[in-house]
Amino acid sequence: EAGVVQSPRYKIIEKKQPVAFWCNPISGHNTLYWYLQNLGQGPELLIRYENEEAVDDSQLPKDRFSAERLKGVDSTLKIQPAELGDSAVYLCASSLDWRDTQYFGPGTRLTVL
Amino acid sequence: GEDVEQSLFLSVREGDSSVINCTYTDSSSTYLYWYKQEPGAGLQLLTYIFSNMDMKQDQRLTVLLNKKDKHLSLRIADTQTGDSAIYFCAERLPGSTLGRLYFGRGTQLTVWP
């Protein structure tokens with residue numbers, strides 16, 4: 001069974017540019033999470049989806065970050081415009097539902113110059 | 001839940017046992033997890049324990065839970081060089097943040113041959 005797929009794996013952009021990350025969860029998993037992992041830190045939740053509904057987005061900086069999961073499967077996380085402090089690893093995870101174990105993708109490492 | 005604490009570094013010799021410790025903050029946490037992260041990779045679930053358990057063993061891994069002290073430990077028997085990685089402790093809280101995991105900063109385990 002395929003795991004959580006993320007792309008791209010690496011992205012380098014200049015500040016003020018937009019960037020988007022894509023996530024394909026494990027088949028059949030209704031819950032999808034986006035986490036931010038800064039260097040030397042543990043992951044922190046940005047947003048959680050139950051199917052296509054964002055049910056926990058209190059940690060998402062909504063002035064520049066947006067996310068969508070239109071058909072309740074794949075998800076996209078966007079930053080516009082990117083700032084130097086956004087350099088980090090963006091992790092996607094999925095689970096059968098919110099009570100189930102979360103499985104993580106390999107992450108996208110973003111570098112903002 | 002935002003102050004899950006772990007020691008940052010641990011070094012052991014190959015063949016010895018490793019013990020990674022974690023202190024969590026909320027006695028009502030339902031599940032506690034251990035994840036492993038290798039360089040450039042996402043988080044791999046190692047094991048988890050439900051809060052009504054004291055111990056869980058899974059091959060070389062033993063998890064001990066002390067609810068009174070809010071202390072969680074992961075013991076790796078016969079540690080191998082391939083176990084070198086960052087190990088994250090995470091707790092899941094009940095209530096309005098259903099499904100959200102709170103991670104520690106991670107413990108960098110180095111195994112010397």
# chains A, B, ... in the order shown; residues from 1 in each chain; ligands from 1
$ residues_around --residues "A:Leu113" --least-positions-apart "4" --cutoff "9 Å" --atoms "only C-alpha atoms" --output "list in words"
Ile12, Ile13, Glu14, Lys15, Glu83, Leu84 and Ser87 of chain A
$ residues_around --residues "B:Ile86" --least-positions-apart "6" --cutoff "10 Å" --atoms "only C-alpha atoms" --output "list in words"
Gly40 and Gly42 of chain A; Leu8, Phe9, Leu10, Tyr35, Lys36, Gln37, Glu38, Pro39, Leu43, Arg105, Gly106, Thr107, Gln108, Leu109 and Thr110 of chain B
$ closest_atom_pairs --of "chain A" --to "chain B" --cutoff "12 Å" --atoms "only C-alpha atoms" --output "JSON lines"
{"residue": "A:Gly3", "atom": "CA", "partner": "B:Gln44", "partner_atom": "CA", "distance": 10.7}
{"residue": "A:Val4", "atom": "CA", "partner": "B:Gly42", "partner_atom": "CA", "distance": 9.7}
{"residue": "A:Val5", "atom": "CA", "partner": "B:Gly42", "partner_atom": "CA", "distance": 10.5}
{"residue": "A:Gln6", "atom": "CA", "partner": "B:Gly42", "partner_atom": "CA", "distance": 10.1}
{"residue": "A:Arg9", "atom": "CA", "partner": "B:Gly40", "partner_atom": "CA", "distance": 9.3}
{"residue": "A:Tyr10", "atom": "CA", "partner": "B:Gly40", "partner_atom": "CA", "distance": 10.0}
{"residue": "A:Thr31", "atom": "CA", "partner": "B:Gly99", "partner_atom": "CA", "distance": 9.1}
{"residue": "A:Leu32", "atom": "CA", "partner": "B:Gly99", "partner_atom": "CA", "distance": 10.3}
{"residue": "A:Tyr33", "atom": "CA", "partner": "B:Arg100", "partner_atom": "CA", "distance": 8.9}
{"residue": "A:Trp34", "atom": "CA", "partner": "B:Arg100", "partner_atom": "CA", "distance": 10.7}
{"residue": "A:Tyr35", "atom": "CA", "partner": "B:Leu101", "partner_atom": "CA", "distance": 9.9}
{"residue": "A:Leu36", "atom": "CA", "partner": "B:Phe103", "partner_atom": "CA", "distance": 11.4}
{"residue": "A:Gln37", "atom": "CA", "partner": "B:Arg105", "partner_atom": "CA", "distance": 9.8}
{"residue": "A:Asn38", "atom": "CA", "partner": "B:Arg105", "partner_atom": "CA", "distance": 9.9}
{"residue": "A:Leu39", "atom": "CA", "partner": "B:Arg105", "partner_atom": "CA", "distance": 9.6}
{"residue": "A:Gly40", "atom": "CA", "partner": "B:Arg105", "partner_atom": "CA", "distance": 6.6}
{"residue": "A:Gln41", "atom": "CA", "partner": "B:Arg105", "partner_atom": "CA", "distance": 4.5}
{"residue": "A:Gly42", "atom": "CA", "partner": "B:Arg105", "partner_atom": "CA", "distance": 4.5}
{"residue": "A:Pro43", "atom": "CA", "partner": "B:Phe103", "partner_atom": "CA", "distance": 6.2}
{"residue": "A:Glu44", "atom": "CA", "partner": "B:Tyr102", "partner_atom": "CA", "distance": 7.0}
{"residue": "A:Leu45", "atom": "CA", "partner": "B:Arg100", "partner_atom": "CA", "distance": 6.9}
{"residue": "A:Leu46", "atom": "CA", "partner": "B:Arg100", "partner_atom": "CA", "distance": 9.7}
{"residue": "A:Ile47", "atom": "CA", "partner": "B:Arg100", "partner_atom": "CA", "distance": 9.3}
{"residue": "A:Arg48", "atom": "CA", "partner": "B:Arg100", "partner_atom": "CA", "distance": 8.1}
{"residue": "A:Tyr49", "atom": "CA", "partner": "B:Gly99", "partner_atom": "CA", "distance": 10.3}
{"residue": "A:Glu50", "atom": "CA", "partner": "B:Gly99", "partner_atom": "CA", "distance": 10.4}
{"residue": "A:Val55", "atom": "CA", "partner": "B:Thr97", "partner_atom": "CA", "distance": 9.5}
{"residue": "A:Asp56", "atom": "CA", "partner": "B:Thr97", "partner_atom": "CA", "distance": 7.4}
{"residue": "A:Asp57", "atom": "CA", "partner": "B:Thr97", "partner_atom": "CA", "distance": 10.3}
{"residue": "A:Ser58", "atom": "CA", "partner": "B:Thr97", "partner_atom": "CA", "distance": 9.8}
{"residue": "A:Gln59", "atom": "CA", "partner": "B:Arg100", "partner_atom": "CA", "distance": 11.0}
{"residue": "A:Ala88", "atom": "CA", "partner": "B:Gly40", "partner_atom": "CA", "distance": 11.9}
{"residue": "A:Val89", "atom": "CA", "partner": "B:Gly42", "partner_atom": "CA", "distance": 9.3}
{"residue": "A:Tyr90", "atom": "CA", "partner": "B:Gly42", "partner_atom": "CA", "distance": 9.6}
{"residue": "A:Leu91", "atom": "CA", "partner": "B:Gly42", "partner_atom": "CA", "distance": 7.1}
{"residue": "A:Cys92", "atom": "CA", "partner": "B:Gly42", "partner_atom": "CA", "distance": 8.9}
{"residue": "A:Ala93", "atom": "CA", "partner": "B:Leu43", "partner_atom": "CA", "distance": 9.2}
{"residue": "A:Ser94", "atom": "CA", "partner": "B:Gly99", "partner_atom": "CA", "distance": 10.7}
{"residue": "A:Ser95", "atom": "CA", "partner": "B:Gly99", "partner_atom": "CA", "distance": 9.5}
{"residue": "A:Leu96", "atom": "CA", "partner": "B:Gly99", "partner_atom": "CA", "distance": 11.1}
{"residue": "A:Asp97", "atom": "CA", "partner": "B:Gly99", "partner_atom": "CA", "distance": 8.4}
{"residue": "A:Trp98", "atom": "CA", "partner": "B:Gly99", "partner_atom": "CA", "distance": 4.7}
{"residue": "A:Arg99", "atom": "CA", "partner": "B:Gly99", "partner_atom": "CA", "distance": 6.1}
{"residue": "A:Asp100", "atom": "CA", "partner": "B:Gly99", "partner_atom": "CA", "distance": 8.1}
{"residue": "A:Thr101", "atom": "CA", "partner": "B:Leu45", "partner_atom": "CA", "distance": 8.4}
{"residue": "A:Gln102", "atom": "CA", "partner": "B:Leu45", "partner_atom": "CA", "distance": 8.0}
{"residue": "A:Tyr103", "atom": "CA", "partner": "B:Leu45", "partner_atom": "CA", "distance": 6.9}
{"residue": "A:Phe104", "atom": "CA", "partner": "B:Leu43", "partner_atom": "CA", "distance": 5.5}
{"residue": "A:Gly105", "atom": "CA", "partner": "B:Gly42", "partner_atom": "CA", "distance": 5.4}
{"residue": "A:Pro106", "atom": "CA", "partner": "B:Gly42", "partner_atom": "CA", "distance": 3.8}
{"residue": "A:Gly107", "atom": "CA", "partner": "B:Gly42", "partner_atom": "CA", "distance": 5.7}
{"residue": "A:Thr108", "atom": "CA", "partner": "B:Gly42", "partner_atom": "CA", "distance": 9.2}
{"residue": "A:Arg109", "atom": "CA", "partner": "B:Gly40", "partner_atom": "CA", "distance": 8.5}
$ atom_distance --atom1 "atom CA of B:Pro113" --atom2 "atom CA of B:Ser17"
13.4 Å
$ select_by_dssp --residues "stretch 49-81 of chain A" --states "strand (DSSP E or B)" --output "tab-separated table (two decimals) with all heavy atoms, in the first residue's frame"
chain	number	residue	atom	x	y	z
A	49	TYR	N	-8.17	18.47	8.10
A	49	TYR	CA	-9.38	18.28	7.29
A	49	TYR	C	-10.06	16.98	7.67
A	49	TYR	O	-9.42	15.95	7.85
A	49	TYR	CB	-9.02	18.21	5.80
A	49	TYR	CG	-8.77	19.53	5.15
A	49	TYR	CD1	-7.49	20.06	5.06
A	49	TYR	CD2	-9.82	20.25	4.61
A	49	TYR	CE1	-7.26	21.28	4.45
A	49	TYR	CE2	-9.61	21.47	3.99
A	49	TYR	CZ	-8.32	21.98	3.92
A	49	TYR	OH	-8.11	23.18	3.31
A	50	GLU	N	-11.37	17.04	7.77
A	50	GLU	CA	-12.20	15.85	7.81
A	50	GLU	C	-12.93	15.83	6.46
A	50	GLU	O	-13.80	16.67	6.21
A	50	GLU	CB	-13.22	15.90	8.95
A	50	GLU	CG	-12.60	15.86	10.33
A	50	GLU	CD	-11.94	14.52	10.65
A	50	GLU	OE1	-12.28	13.51	10.01
A	50	GLU	OE2	-11.08	14.48	11.54
A	53	GLU	N	-13.75	19.24	4.65
A	53	GLU	CA	-13.99	20.33	5.59
A	53	GLU	C	-12.79	20.56	6.50
A	53	GLU	O	-12.29	19.65	7.15
A	53	GLU	CB	-15.22	20.02	6.45
A	53	GLU	CG	-15.58	21.13	7.41
A	53	GLU	CD	-16.77	20.78	8.27
A	53	GLU	OE1	-17.32	19.66	8.12
A	53	GLU	OE2	-17.15	21.61	9.12
A	54	ALA	N	-12.36	21.83	6.57
A	54	ALA	CA	-11.31	22.21	7.49
A	54	ALA	C	-11.91	22.35	8.88
A	54	ALA	O	-12.71	23.26	9.12
A	54	ALA	CB	-10.65	23.51	7.05
A	55	VAL	N	-11.55	21.47	9.81
A	55	VAL	CA	-12.17	21.46	11.13
A	55	VAL	C	-11.27	22.02	12.23
A	55	VAL	O	-11.71	22.24	13.34
A	55	VAL	CB	-12.66	20.05	11.50
A	55	VAL	CG1	-13.75	19.59	10.55
A	55	VAL	CG2	-11.51	19.08	11.51
A	56	ASP	N	-9.98	22.20	11.93
A	56	ASP	CA	-9.07	22.76	12.91
A	56	ASP	C	-8.02	23.56	12.15
A	56	ASP	O	-7.03	23.00	11.69
A	56	ASP	CB	-8.42	21.67	13.77
A	56	ASP	CG	-7.53	22.22	14.88
A	56	ASP	OD1	-7.35	23.46	14.96
A	56	ASP	OD2	-7.00	21.41	15.66
A	65	PHE	N	-1.28	32.18	4.29
A	65	PHE	CA	-1.41	30.75	4.05
A	65	PHE	C	-2.86	30.41	3.70
A	65	PHE	O	-3.80	30.96	4.28
A	65	PHE	CB	-1.02	29.95	5.30
A	65	PHE	CG	0.45	29.91	5.59
A	65	PHE	CD1	1.16	31.05	5.91
A	65	PHE	CD2	1.13	28.70	5.55
A	65	PHE	CE1	2.52	31.01	6.19
A	65	PHE	CE2	2.50	28.65	5.82
A	65	PHE	CZ	3.18	29.79	6.15
A	66	SER	N	-2.99	29.47	2.78
A	66	SER	CA	-4.32	28.94	2.46
A	66	SER	C	-4.18	27.47	2.13
A	66	SER	O	-3.10	26.99	1.75
A	66	SER	CB	-4.95	29.69	1.30
A	66	SER	OG	-4.19	29.49	0.12
A	67	ALA	N	-5.26	26.73	2.29
A	67	ALA	CA	-5.24	25.30	1.98
A	67	ALA	C	-6.59	24.91	1.42
A	67	ALA	O	-7.60	25.58	1.67
A	67	ALA	CB	-4.92	24.49	3.23
A	68	GLU	N	-6.57	23.83	0.66
A	68	GLU	CA	-7.83	23.32	0.16
A	68	GLU	C	-7.75	21.81	-0.02
A	68	GLU	O	-6.68	21.24	-0.20
A	68	GLU	CB	-8.21	23.99	-1.17
A	68	GLU	CG	-7.21	23.81	-2.28
A	68	GLU	CD	-7.63	24.56	-3.54
A	68	GLU	OE1	-8.50	25.44	-3.48
A	68	GLU	OE2	-7.07	24.25	-4.60
A	75	SER	N	-4.75	17.34	-1.29
A	75	SER	CA	-4.80	18.66	-0.67
A	75	SER	C	-3.63	19.50	-1.16
A	75	SER	O	-2.57	18.97	-1.51
A	75	SER	CB	-4.74	18.54	0.85
A	75	SER	OG	-4.74	19.82	1.46
A	76	THR	N	-3.85	20.80	-1.17
A	76	THR	CA	-2.81	21.75	-1.55
A	76	THR	C	-2.69	22.80	-0.45
A	76	THR	O	-3.70	23.30	0.05
A	76	THR	CB	-3.15	22.45	-2.88
A	76	THR	OG1	-3.33	21.46	-3.88
A	76	THR	CG2	-2.03	23.38	-3.29
A	77	LEU	N	-1.46	23.11	-0.07
A	77	LEU	CA	-1.16	24.17	0.88
A	77	LEU	C	-0.40	25.26	0.12
A	77	LEU	O	0.55	24.96	-0.60
A	77	LEU	CB	-0.31	23.65	2.03
A	77	LEU	CG	0.15	24.65	3.08
A	77	LEU	CD1	-1.03	25.14	3.91
A	77	LEU	CD2	1.20	24.02	4.01
A	78	LYS	N	-0.85	26.50	0.25
A	78	LYS	CA	-0.24	27.60	-0.49
A	78	LYS	C	0.23	28.69	0.45
A	78	LYS	O	-0.40	28.95	1.48
A	78	LYS	CB	-1.24	28.19	-1.48
A	78	LYS	CG	-1.72	27.23	-2.55
A	78	LYS	CD	-2.75	27.88	-3.47
A	78	LYS	CE	-3.25	26.89	-4.51
A	78	LYS	NZ	-4.31	27.46	-5.38
A	79	ILE	N	1.34	29.32	0.07
A	79	ILE	CA	1.85	30.48	0.79
A	79	ILE	C	2.01	31.60	-0.23
A	79	ILE	O	2.63	31.42	-1.27
A	79	ILE	CB	3.22	30.22	1.45
A	79	ILE	CG1	3.19	28.96	2.30
A	79	ILE	CG2	3.61	31.41	2.32
A	79	ILE	CD1	4.55	28.57	2.88
$ residues_around --residues "stretch 61-70 of chain B" --least-positions-apart "3" --cutoff "10 Å" --atoms "only C-alpha atoms" --output "PDB file with N, CA, C and O atoms, in the first residue's frame"
ATOM      1  N   VAL B   4       5.663  19.522  25.613  1.00  0.00           N
ATOM      2  CA  VAL B   4       6.203  18.172  25.709  1.00  0.00           C
ATOM      3  C   VAL B   4       7.710  18.290  25.682  1.00  0.00           C
ATOM      4  O   VAL B   4       8.279  18.908  24.782  1.00  0.00           O
ATOM      5  N   SER B  17      21.495  -0.917  25.268  1.00  0.00           N
ATOM      6  CA  SER B  17      20.109  -0.439  25.254  1.00  0.00           C
ATOM      7  C   SER B  17      20.090   1.084  25.278  1.00  0.00           C
ATOM      8  O   SER B  17      20.957   1.709  25.887  1.00  0.00           O
ATOM      9  N   SER B  18      19.099   1.641  24.617  1.00  0.00           N
ATOM     10  CA  SER B  18      18.878   3.097  24.622  1.00  0.00           C
ATOM     11  C   SER B  18      17.576   3.371  25.356  1.00  0.00           C
ATOM     12  O   SER B  18      16.597   2.645  25.176  1.00  0.00           O
ATOM     13  N   VAL B  19      17.584   4.410  26.161  1.00  0.00           N
ATOM     14  CA  VAL B  19      16.348   4.835  26.818  1.00  0.00           C
ATOM     15  C   VAL B  19      16.132   6.313  26.527  1.00  0.00           C
ATOM     16  O   VAL B  19      16.965   7.148  26.897  1.00  0.00           O
ATOM     17  N   ILE B  20      15.055   6.617  25.859  1.00  0.00           N
ATOM     18  CA  ILE B  20      14.706   7.996  25.519  1.00  0.00           C
ATOM     19  C   ILE B  20      13.512   8.403  26.378  1.00  0.00           C
ATOM     20  O   ILE B  20      12.502   7.685  26.419  1.00  0.00           O
ATOM     21  N   ASN B  21      13.656   9.527  27.043  1.00  0.00           N
ATOM     22  CA  ASN B  21      12.642   9.962  27.993  1.00  0.00           C
ATOM     23  C   ASN B  21      11.841  11.158  27.484  1.00  0.00           C
ATOM     24  O   ASN B  21      12.342  11.969  26.697  1.00  0.00           O
ATOM     25  N   CYS B  22      10.625  11.262  27.984  1.00  0.00           N
ATOM     26  CA  CYS B  22       9.717  12.331  27.568  1.00  0.00           C
ATOM     27  C   CYS B  22       8.817  12.681  28.750  1.00  0.00           C
ATOM     28  O   CYS B  22       8.339  11.786  29.464  1.00  0.00           O
ATOM     29  N   THR B  23       8.607  13.969  28.941  1.00  0.00           N
ATOM     30  CA  THR B  23       7.645  14.429  29.937  1.00  0.00           C
ATOM     31  C   THR B  23       6.530  15.159  29.217  1.00  0.00           C
ATOM     32  O   THR B  23       6.809  16.081  28.437  1.00  0.00           O
ATOM     33  N   TYR B  24       5.315  14.736  29.425  1.00  0.00           N
ATOM     34  CA  TYR B  24       4.194  15.405  28.781  1.00  0.00           C
ATOM     35  C   TYR B  24       3.420  16.208  29.805  1.00  0.00           C
ATOM     36  O   TYR B  24       3.739  16.176  31.008  1.00  0.00           O
ATOM     37  N   THR B  25       2.445  16.961  29.343  1.00  0.00           N
ATOM     38  CA  THR B  25       1.900  17.987  30.224  1.00  0.00           C
ATOM     39  C   THR B  25       0.478  17.745  30.692  1.00  0.00           C
ATOM     40  O   THR B  25       0.065  18.320  31.699  1.00  0.00           O
ATOM     41  N   ASP B  26      -0.268  16.904  29.993  1.00  0.00           N
ATOM     42  CA  ASP B  26      -1.692  16.825  30.308  1.00  0.00           C
ATOM     43  C   ASP B  26      -2.055  15.420  30.733  1.00  0.00           C
ATOM     44  O   ASP B  26      -1.953  14.487  29.932  1.00  0.00           O
ATOM     45  N   SER B  27      -2.480  15.275  31.981  1.00  0.00           N
ATOM     46  CA  SER B  27      -2.799  13.947  32.493  1.00  0.00           C
ATOM     47  C   SER B  27      -4.013  13.341  31.801  1.00  0.00           C
ATOM     48  O   SER B  27      -4.244  12.140  31.906  1.00  0.00           O
ATOM     49  N   SER B  28      -4.769  14.161  31.060  1.00  0.00           N
ATOM     50  CA  SER B  28      -5.930  13.622  30.348  1.00  0.00           C
ATOM     51  C   SER B  28      -5.593  13.203  28.923  1.00  0.00           C
ATOM     52  O   SER B  28      -6.480  12.840  28.151  1.00  0.00           O
ATOM     53  N   SER B  29      -4.318  13.262  28.584  1.00  0.00           N
ATOM     54  CA  SER B  29      -3.916  12.806  27.251  1.00  0.00           C
ATOM     55  C   SER B  29      -4.384  11.378  27.041  1.00  0.00           C
ATOM     56  O   SER B  29      -4.265  10.535  27.925  1.00  0.00           O
ATOM     57  N   LEU B  32      -0.319   8.340  23.581  1.00  0.00           N
ATOM     58  CA  LEU B  32       1.043   8.880  23.515  1.00  0.00           C
ATOM     59  C   LEU B  32       1.822   8.085  22.488  1.00  0.00           C
ATOM     60  O   LEU B  32       1.692   6.848  22.428  1.00  0.00           O
ATOM     61  N   TYR B  33       2.586   8.793  21.678  1.00  0.00           N
ATOM     62  CA  TYR B  33       3.215   8.192  20.504  1.00  0.00           C
ATOM     63  C   TYR B  33       4.724   8.385  20.524  1.00  0.00           C
ATOM     64  O   TYR B  33       5.241   9.361  21.071  1.00  0.00           O
ATOM     65  N   TRP B  34       5.394   7.461  19.843  1.00  0.00           N
ATOM     66  CA  TRP B  34       6.806   7.635  19.515  1.00  0.00           C
ATOM     67  C   TRP B  34       6.958   7.527  18.005  1.00  0.00           C
ATOM     68  O   TRP B  34       6.525   6.548  17.397  1.00  0.00           O
ATOM     69  N   LEU B  46       6.580   4.559  15.320  1.00  0.00           N
ATOM     70  CA  LEU B  46       7.227   3.400  15.924  1.00  0.00           C
ATOM     71  C   LEU B  46       6.241   2.595  16.759  1.00  0.00           C
ATOM     72  O   LEU B  46       6.121   1.387  16.621  1.00  0.00           O
ATOM     73  N   THR B  47       5.589   3.287  17.663  1.00  0.00           N
ATOM     74  CA  THR B  47       4.665   2.628  18.571  1.00  0.00           C
ATOM     75  C   THR B  47       3.843   3.688  19.280  1.00  0.00           C
ATOM     76  O   THR B  47       4.137   4.870  19.214  1.00  0.00           O
ATOM     77  N   TYR B  48       2.789   3.230  19.950  1.00  0.00           N
ATOM     78  CA  TYR B  48       1.969   4.143  20.738  1.00  0.00           C
ATOM     79  C   TYR B  48       1.429   3.378  21.928  1.00  0.00           C
ATOM     80  O   TYR B  48       1.430   2.145  21.958  1.00  0.00           O
ATOM     81  N   ILE B  49       0.962   4.136  22.917  1.00  0.00           N
ATOM     82  CA  ILE B  49       0.414   3.506  24.104  1.00  0.00           C
ATOM     83  C   ILE B  49      -0.829   4.270  24.527  1.00  0.00           C
ATOM     84  O   ILE B  49      -0.866   5.504  24.449  1.00  0.00           O
ATOM     85  N   PHE B  50      -1.843   3.554  24.924  1.00  0.00           N
ATOM     86  CA  PHE B  50      -3.060   4.175  25.414  1.00  0.00           C
ATOM     87  C   PHE B  50      -2.851   4.533  26.873  1.00  0.00           C
ATOM     88  O   PHE B  50      -2.127   3.846  27.605  1.00  0.00           O
ATOM     89  N   SER B  51      -3.512   5.570  27.304  1.00  0.00           N
ATOM     90  CA  SER B  51      -3.239   6.131  28.622  1.00  0.00           C
ATOM     91  C   SER B  51      -3.614   5.225  29.788  1.00  0.00           C
ATOM     92  O   SER B  51      -3.195   5.478  30.915  1.00  0.00           O
ATOM     93  N   ASN B  52      -4.370   4.164  29.541  1.00  0.00           N
ATOM     94  CA  ASN B  52      -4.726   3.270  30.645  1.00  0.00           C
ATOM     95  C   ASN B  52      -3.764   2.092  30.767  1.00  0.00           C
ATOM     96  O   ASN B  52      -3.997   1.163  31.528  1.00  0.00           O
ATOM     97  N   MET B  53      -2.677   2.154  29.995  1.00  0.00           N
ATOM     98  CA  MET B  53      -1.664   1.107  30.038  1.00  0.00           C
ATOM     99  C   MET B  53      -0.423   1.625  30.751  1.00  0.00           C
ATOM    100  O   MET B  53      -0.155   2.827  30.767  1.00  0.00           O
ATOM    101  N   ASP B  54       0.343   0.701  31.327  1.00  0.00           N
ATOM    102  CA  ASP B  54       1.611   1.058  31.962  1.00  0.00           C
ATOM    103  C   ASP B  54       2.803   0.721  31.091  1.00  0.00           C
ATOM    104  O   ASP B  54       3.851   1.355  31.190  1.00  0.00           O
ATOM    105  N   MET B  55       2.636  -0.297  30.264  1.00  0.00           N
ATOM    106  CA  MET B  55       3.761  -0.775  29.479  1.00  0.00           C
ATOM    107  C   MET B  55       3.254  -1.405  28.188  1.00  0.00           C
ATOM    108  O   MET B  55       2.158  -1.978  28.128  1.00  0.00           O
ATOM    109  N   LYS B  56       4.080  -1.271  27.164  1.00  0.00           N
ATOM    110  CA  LYS B  56       3.798  -1.941  25.898  1.00  0.00           C
ATOM    111  C   LYS B  56       5.110  -2.385  25.298  1.00  0.00           C
ATOM    112  O   LYS B  56       6.062  -1.612  25.252  1.00  0.00           O
ATOM    113  N   GLN B  57       5.161  -3.638  24.850  1.00  0.00           N
ATOM    114  CA  GLN B  57       6.395  -4.152  24.252  1.00  0.00           C
ATOM    115  C   GLN B  57       6.115  -4.584  22.819  1.00  0.00           C
ATOM    116  O   GLN B  57       5.087  -5.207  22.523  1.00  0.00           O
ATOM    117  N   ASP B  58       7.041  -4.219  21.941  1.00  0.00           N
ATOM    118  CA  ASP B  58       6.906  -4.552  20.529  1.00  0.00           C
ATOM    119  C   ASP B  58       8.296  -4.844  20.007  1.00  0.00           C
ATOM    120  O   ASP B  58       9.059  -3.942  19.678  1.00  0.00           O
ATOM    121  N   SER B  73       8.682   6.751  28.450  1.00  0.00           N
ATOM    122  CA  SER B  73      10.026   6.397  27.987  1.00  0.00           C
ATOM    123  C   SER B  73       9.935   5.351  26.883  1.00  0.00           C
ATOM    124  O   SER B  73       8.974   4.583  26.805  1.00  0.00           O
ATOM    125  N   LEU B  74      10.962   5.375  26.047  1.00  0.00           N
ATOM    126  CA  LEU B  74      11.099   4.397  24.966  1.00  0.00           C
ATOM    127  C   LEU B  74      12.445   3.709  25.149  1.00  0.00           C
ATOM    128  O   LEU B  74      13.478   4.378  25.137  1.00  0.00           O
ATOM    129  N   ARG B  75      12.415   2.407  25.325  1.00  0.00           N
ATOM    130  CA  ARG B  75      13.649   1.637  25.449  1.00  0.00           C
ATOM    131  C   ARG B  75      13.838   0.832  24.164  1.00  0.00           C
ATOM    132  O   ARG B  75      12.932   0.130  23.721  1.00  0.00           O
ATOM    133  N   ILE B  76      15.029   0.970  23.582  1.00  0.00           N
ATOM    134  CA  ILE B  76      15.385   0.198  22.399  1.00  0.00           C
ATOM    135  C   ILE B  76      16.453  -0.795  22.819  1.00  0.00           C
ATOM    136  O   ILE B  76      17.559  -0.402  23.224  1.00  0.00           O
ATOM    137  N   ALA B  77      16.127  -2.074  22.746  1.00  0.00           N
ATOM    138  CA  ALA B  77      17.094  -3.106  23.115  1.00  0.00           C
ATOM    139  C   ALA B  77      18.035  -3.376  21.944  1.00  0.00           C
ATOM    140  O   ALA B  77      17.663  -3.219  20.775  1.00  0.00           O
ATOM    141  N   ASP B  78      19.288  -3.770  22.281  1.00  0.00           N
ATOM    142  CA  ASP B  78      20.259  -4.135  21.248  1.00  0.00           C
ATOM    143  C   ASP B  78      20.302  -3.076  20.142  1.00  0.00           C
ATOM    144  O   ASP B  78      20.058  -3.350  18.957  1.00  0.00           O
ATOM    145  N   THR B  79      20.595  -1.853  20.529  1.00  0.00           N
ATOM    146  CA  THR B  79      20.565  -0.720  19.595  1.00  0.00           C
ATOM    147  C   THR B  79      21.564  -0.927  18.460  1.00  0.00           C
ATOM    148  O   THR B  79      22.713  -1.322  18.682  1.00  0.00           O
TER     149      THR B  79
END
